[in-house]
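J.: First, the structure itself, so that you have it in front of you.
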Amino acid sequence: MPITRKNDGIHLVLIPRRRANSKDIVASWGLMSSRGIFTSITRKEDDPIALRMARALDRPGDDRERLLLRIGLPVGKYWICKRSPQHAYEAMECLGGNGVIEDFITARLYRDAPINAIWEGSGNVQALDVLRALSKSPDVLEAWLAELDKGLGGNAALDDAVARLKSELADTEDAPYRARELADWLALTMQASLLVQAGNAAVADAFIASRLATRNDRNYGSLPRRLDIDAIIARGDPRQA
Ligand SMILES: Cc1cc2nc3c(=O)[nH]c(=O)nc-3n(C[C@H](O)[C@H](O)[C@H](O)COP(=O)(O)OP(=O)(O)OC[C@H]3O[C@@H](n4cnc5c(N)ncnc54)[C@H](O)[C@@H]3O)c2cc1C
């Protein structure tokens, strides 16, 4: 089960990259650029948590990594599966009418995207599994927060978000009702922390500004100004990999 849950996440992170990160999509035109960048950082945001959990799976003898996996797998599966239909849809729209015809892969990606949140544990089941893990052993939360804290100090919005998460976690009232929101915040803050730890300031700043700072992420293409857009485009260009 852990392997298949991880695969759901990895699969969703890797497959749409073919389209969403293409420089052809991320045109220099401002709005298209903002939307393309947003689809790109949506993938970038998902990469770290999927790959971090893959690394933990590679170390079965390490207790710390095992504790991290305990909530990392349900959090990662929950969040990545929830984001994928929207991401696939936006990638399709970037290609206009071509995106929707069967000759292009985007139509199939869009049609298949919701399946991942249904099988191998649906969204609610994953969110409730996170609560179960947290309530069974305090070591699980301790390991998660230790990993999270490694990204602190470099970005005030991330620091604020982690403080808010900790206060939400300390409040156990109505926990099942709040399970999805907690899973969201566990995922968002960990992804931001891992991006900060990875050292690519352009991607980390764009992600944190759009997801954790005051701005919202109701739609693709609503990034704040003054981000290092060129650096993100260059990083997402498969021809430069
Ligand atoms: C394409 C595909 C391939 C599949 N392949 C396999 C396979 O190879 N082998 C296999 O064994 N199964 C397979 N399945 C079955 C899959 O694992 C189940 O569909 C999945 O576990 C959901 O169960 P269910 O369909 O009975 O829905 P339900 O469990 O009835 O879930 C319906 C809804 O209720 C919610 N829900 C359920 N329980 C709770 C709860 N306790 N608290 C809160 N909310 C809850 C869920 O989140 C969901 O939204 C496959 C499914 C699909 C779609």
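If you're wondering about the labels, chains in the structure tokens are A, B, ... by order shown, residues count from 1 in each chain, ligands from 1 in order shown.
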At a cut-off of 10 Å and counting only C-alpha atoms and all ligand atoms, what residues surround ligand 1? Please answer as an MDAnalysis selection string.

T.: chainID A and resid 112 114:129 176:177

J.: Neighbouring residues of Gly99 (chain A) were defined as those with any atom within 10 Å, considering only C-alpha atoms; residues of the same chain fewer than 5 positions away were excluded. Please report them as a count of residues only.

T.: 13

J.: Give me the residues within 9 Å of Ala231 (chain A) as number ranges by chain, counting only C-alpha atoms and dropping any in the same chain fewer than 5 places off.

T.: A: 202-203, 236

J.: Could those selected residues go to a file with N, CA and C atoms, as a PDB file, in the first residue's frame?

T.:
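Written file, result_28.pdb:
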ATOM      1  N   ALA A 202      13.769  31.350  -6.545  1.00  0.00           N
ATOM      2  CA  ALA A 202      12.716  31.809  -7.467  1.00  0.00           C
ATOM      3  C   ALA A 202      11.466  30.950  -7.322  1.00  0.00           C
ATOM      4  N   VAL A 203      11.652  29.647  -7.326  1.00  0.00           N
ATOM      5  CA  VAL A 203      10.498  28.747  -7.234  1.00  0.00           C
ATOM      6  C   VAL A 203       9.879  28.819  -5.834  1.00  0.00           C
ATOM      7  N   GLY A 236      12.017  25.157 -15.717  1.00  0.00           N
ATOM      8  CA  GLY A 236      11.016  24.201 -16.161  1.00  0.00           C
ATOM      9  C   GLY A 236      11.171  23.785 -17.619  1.00  0.00           C
TER      10      GLY A 236
END

J.: Return the single residue from A:Ala183, A:Ala161, A:Arg59, A:Ile101 that is closest to Leu73 (chain A), with distances computed using only C-alpha atoms.

T.: A:Ala183

J.: So what do you get for CA of Lys77 (chain A) versus CA of Arg178 (chain A), distance-wise?

T.: 17.5 Å

J.: Using only C-alpha atoms, which of A:Ala143, A:Gly154, A:Ala175, A:Leu57 sits nearest Ala198 (chain A)?

T.: A:Gly154

J.: Could you work out how far CA of Pro60 (chain A) lies from CA of Leu134 (chain A), giving the answer in Å with one decimal?

T.: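 These atoms are spaced 20.1 Å apart.
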